[in-house]
Amino acid sequence: MIKLTNVNKVYGKGESSVHALKDVNLELPSGKFIAIVGKSGSGKSTLMNIVGALDSCTSGEVEIDGEVLNSKTANQLADYRNKKIGYIFQSFYLEPTFTVLENVAMPMTIAGVNRKVREEKAMKAIESLNLVDKAHKKASELSGGQKQRVSIARALVFDPDIILADEPTGNLDSQNGQEVIALLQGICDSGKTVLLVTHNIDDARKTDMMVEIKDGVISNIIYNDEETKKAAQHLSDYDENGDLIDKSQDQTQDLPQSSDKSENIDIKKGDGKNIVSDNDKTNDLLSEHIFEKI
Amino acid sequence: MKFWDITKISLKNMKNNKLRTVLVWFMLFIMCTIILTVLTVGIRTVDFFNANLNGSKMESQDLTIECMPNERNAIDNFFTVPQIKRWQDTVLAKFPNLNIITMHCRGSIGNIDSKASSVVLTDTNYNMLHDRQDYLLDGRMWTGEDKNKPFVWVNKSYAESYKVKVGDIVPLKIEDENYGTYLYLEIVGIVDNVVPITDYYLPNIICDNVYMQNKGAKVTEINFVEPITGEGLNFSSWQKLKSFINKYNDYDEITKTGSIAVVSVATVYDFVFYIMIVVVFIAVIIALVVILLSIGAVANSIQITVEQNASFFGMMKAIGMRSSCLYNIVYIQSVLIIFAAVACACGVTFGILSAMSPWVLSIFSSIGAVGLTINLAIPVWLPFVVFAVLVCMVILWTSKSLRAVDKKDVISMINEVGQ
Ligand SMILES: Nc1ncnc2c1ncn2[C@@H]1O[C@H](COP(=O)(O)OP(=O)(O)O)[C@@H](O)[C@H]1O
Ligand SMILES: [Mg+2]
C-alpha cells in the first residue's frame with residue numbers, strides 16, 4: 001500500500017517558488033494498475049518521484065507498505081529504489097555505451113550481485129521481453145520501443161513490488177505505446193503495483209484506478225474496477241484522524257467506452273471525501289484534463 | 001557494488017569524455033614530469049653533497065689525527081685527501097709544480113731486482129729490513145712497532161735530490177681503485193742504495209703494507225715493479241707548497257686576517273651547502289606550486305565531469321546506486337588518470353635526467369671537479385609519494401564538490417542538462 005499523508009512539495013524559495021503538491025492525502029492499494037492523470041505541470045511526476053524516493057517532500061509523510069520513507073537514511077533510500085521500486089522513464093535513461101544485458105543487469109550490479117547470477121536473471125528478463133537477439137547490442141543501437149522494453153526489463157530484473165512508469169509511452173509511436181501498456185498490464189497481473197502517468201485516456205481506462213491531479217491537488221479518483229474500489233474504500237474507511245468516513249453519498253456509475261474492465265467509476269475528492277458525479281460530468285472532467293496532450 | 005564494476009563504470013566515463021580525460025592526463029603528465037625532475041635534482045643534490053663534502057670533512061679529520069706535524073695541519077686545511085683525489089686537476093692548476101710521488105704498491109722486498117723502485121713490506125719481509133741495519137744512513141730501521149703506521153723509508157739518492165730528511169712528511173699517491181689516494185707519510189729512515197756485493201738492492205721507497213692496504217692500495221704478488229718516473233718524484237713543488245705555507249706562518253693566521261682567498265674545506269663546504277639550500281628550496285617551491293596547480297586542474301575537471309554526467313549518476317541513483325559508489329566511481333577515475341600520468345612522467349623524467357647527466361658531468365669537469373659524479377636516477381620512492389599526495393589531495397578536493405552534487409535530489413540530477 002502506498003500512503004501519502006499531507007504531502008506538500010514546494011520547489012524553490014520565495015516568490016519564484018512553485019507549490020507542486022498541496023496537502024495530498026492518497027492511499028493506493030497494492031497489486032493494482034493505477035493511472036495518474038492530469039494536465040502537464042499538475043504535479044504527476046512530482047508525485048511519482050516522491051513515491052519512488054527520487055525526490056523528497058517538503059512536508060508530510062510517505063508510507064510504502066508500512067515503511068515511512070521520511071525516516072530512512074540516504075543508503076536505505078538507495079536500497080529502497082534498488083529493490084522495492086522499478087522506475088520506467090519517458091526518455092528511458094539507459095546507458096548508451098553499455099549493452100542491453102549490462103543495462104538490464106545494472107540494478108543487480110549496483111546491489112553487488114555476482115556476474116553470473118545477475119546475467120542469468122537479466123537474460124530471463126530480456127527473454128520475457130523478446131529482446132534476446134539484442135542482448136549483446138549497445139543500448140544506443142536500439143529503436144525507441146526496444147529501448148523502453150529494455151528499461152522495463154531493467155525495472156523488473158530485481159523483482160520489485162512497485163513499478164513506477166512516468167509517461168513511458170511519451171516518446172513512442174502508438175503501436176509501441178500499446179505494447180508497453182500491455183506489458184505494464186501483464187506486470188500488474190503478476191502481482192505488482194504499477195503506477196502509470198499518462199496523457200492517453202485509452203491507456204488510462206485500461207487501468208484499475210485513475211487518480212487525477214489538478215494543480216497539485218488530487219481532484220478525482222476514478223475506479224474502473226469494482227475490486228479495486230473495494231480495496232481502496234477499505235483503505236479509505238478512515239481519514240487521517242482515524243474517524244470513519246461517511247460513505248452515504250457514494251455513487252457508482254458506468255463509464256462509457258471503458259474496456260472489458262469493470263464498468264464502475266467513482267469520483268472522489270482528494271481530501272478523501274466522496275463526491276457525487278454523473279456520467280456527463282465524468283466525461284467533461286476527463287476530456288478537460290486528459291485529452292489535451294501537451 | 002563490486003570494485004570491478006565500479007572500475008568499469010569509471011573507465012566508461014573516461015571513454016565517454018575522451019577529450020577531457022586526455023587533456024587532464026596530459027596536464028598532469030606535464031606537471032608530474034616537472035615535479036619528478038625538479039625533486040629528483042633537489043634530492044640528488046643533497047645526496048651529492050652528503051656523499052662528497054660531508055665525507056671529505058670527516059676524512060680530513062681522520063687523517064689529521066694520524067699525521068700531526070704543523071705542515072700537515074695546514075695542508076689538510078687547504079686540501080683534504082678526497083678533495084685532492086677528486087679535484088686533482090684544480091689543485092695542480094693552482095700549484096703546477098706540486099707533484100706527488102706515485103707509489104706502486106706491489107712486490108716484496110725478498111727478491112726484488114735492480115729495477116725495483118718502491119715496495120710495500122709484507123709480513124715476512126719486515127724482519128729482513130729490520131736485520132739490515134748496515135743499510136741505514138739516518139733515522140732508524142723498521143721495528144715491530146711500525147706496523148700499520150704511516151712511515152716511509154727512502155733511499156739516499158732520492159733524499160738528496162728532493163732535499164728531504166728524516167722527520168719530513170711526504171705526499172705519496174697510491175694507485176687504488178678510484179683515482180689514486182694521497183697519503184702523507186713521515187720519513188723515518190734513509191737507507192743506502194749502494195749495493196753490497198753479495199746482497200740485493202733495497203728499493204727506493206719502502207712503506208708498511210698493512211697501512212697501505214688499510215688505505216685501499218692494491219698490493220699484489222707481482223715482485224717486479226714499474227720504475228717510477230722522475231717527474232713523479234719531484235719534491236720541489238712540495239717544497240714550494242711548504243714555503244707558501246711558511247710565508248703565512250700557519251693556517252690560523254690566514255683565516256684570521258681573511259685577506260687572502262683560501263680554498264679551504266670550510267669555504268667549499270659552506271659554498272656548496274649554500275647552493276644546495278637554494279637548489280632544494282627552489283625545487284620544493286616549484287614542486288609545491290605545480291602540485292597545487294595540478295590538483296586544482298584535476299579537481300576542477302572532475303567536478304565538470306561529475307556535473308556533465310549528472311544525469312548518468314542520477315539514473316544510477318534512481319536504480320539504487322548509493323552515494324558512496326558515486327564517490328568511488330569518481331575517485332577511481334582520478335586514481336587511474338593520476339596513475340597513468342605519473343607512470344608516463346617517470347619515463348619522460350628518466351629520459352630528461354639521462355640526457356642531463358653528461359651535461360652536468362661536463363660542467364663538473366670544466367670547473368675541475370674531475371671524478372665527481374652525480375647520480376640523477378629518480379629515487380624509487382618519489383613517484384609513489386607524488387602519486388599518493390596527488391590522490392589524497394584530489395580526493396580531499398573533489399569530495400567537497402561531489403557532496404554538493406550528491407546532495408541534490410535524484411530527480412534533479414537526472415534532469416540536469418549535460419549529457
Ligand atoms: N525541479 C523543479 N524546480 C522548480 N519547479 C518544478 C521542478 N519540477 C517541477 N516543477 C514545477 O512543479 C509543477 C509540477 O511539475 P511536474 O510534477 O513535473 O508536472 P507533470 O509531471 O504533471 O507535468 C510544475 O509547475 C513544474 O513547473
Ligand atoms: Mg511529468
# chains A, B, ... in the order shown; residues from 1 in each chain; ligands from 1
>>> interface_residues(of="chain B", to="chain A", cutoff="9 Å", atoms="only C-alpha atoms", output="PyMOL selection string")
chain B and resi 1-2+5-6+12+16+311-312+314-325+408-412+414
>>> residues_near_ligand(ligand="ligand 1", cutoff="9 Å", atoms="only C-alpha atoms and all ligand atoms", output="number ranges by chain")
A: 9-12, 16-21, 36-49, 166-167, 197, 213-216, 294; B: 411-412, 415
>>> atom_distance(atom1="CA of Lys124 (chain A)", atom2="CA of Ala139 (chain A)")
17.4 Å
>>> residues_around(residues="Val290 (chain B)", least_positions_apart="3", cutoff="7 Å", atoms="only C-alpha atoms", output="PyMOL selection string")
chain B and resi 31+35+286-287+293-294
>>> write_last_selection(atoms="C-alpha atoms", output="mmCIF file, in the first residue's frame")
data_model
loop_
_atom_site.group_PDB
_atom_site.id
_atom_site.type_symbol
_atom_site.label_atom_id
_atom_site.label_comp_id
_atom_site.auth_asym_id
_atom_site.auth_seq_id
_atom_site.Cartn_x
_atom_site.Cartn_y
_atom_site.Cartn_z
ATOM 1 C CA MET B 31 53.177 18.642 -14.151
ATOM 2 C CA ILE B 35 57.703 17.652 -10.151
ATOM 3 C CA ILE B 286 58.320 24.664 -7.819
ATOM 4 C CA ALA B 287 57.051 21.254 -6.789
ATOM 5 C CA LEU B 293 48.109 23.641 -9.900
ATOM 6 C CA SER B 294 47.691 20.065 -10.974
#
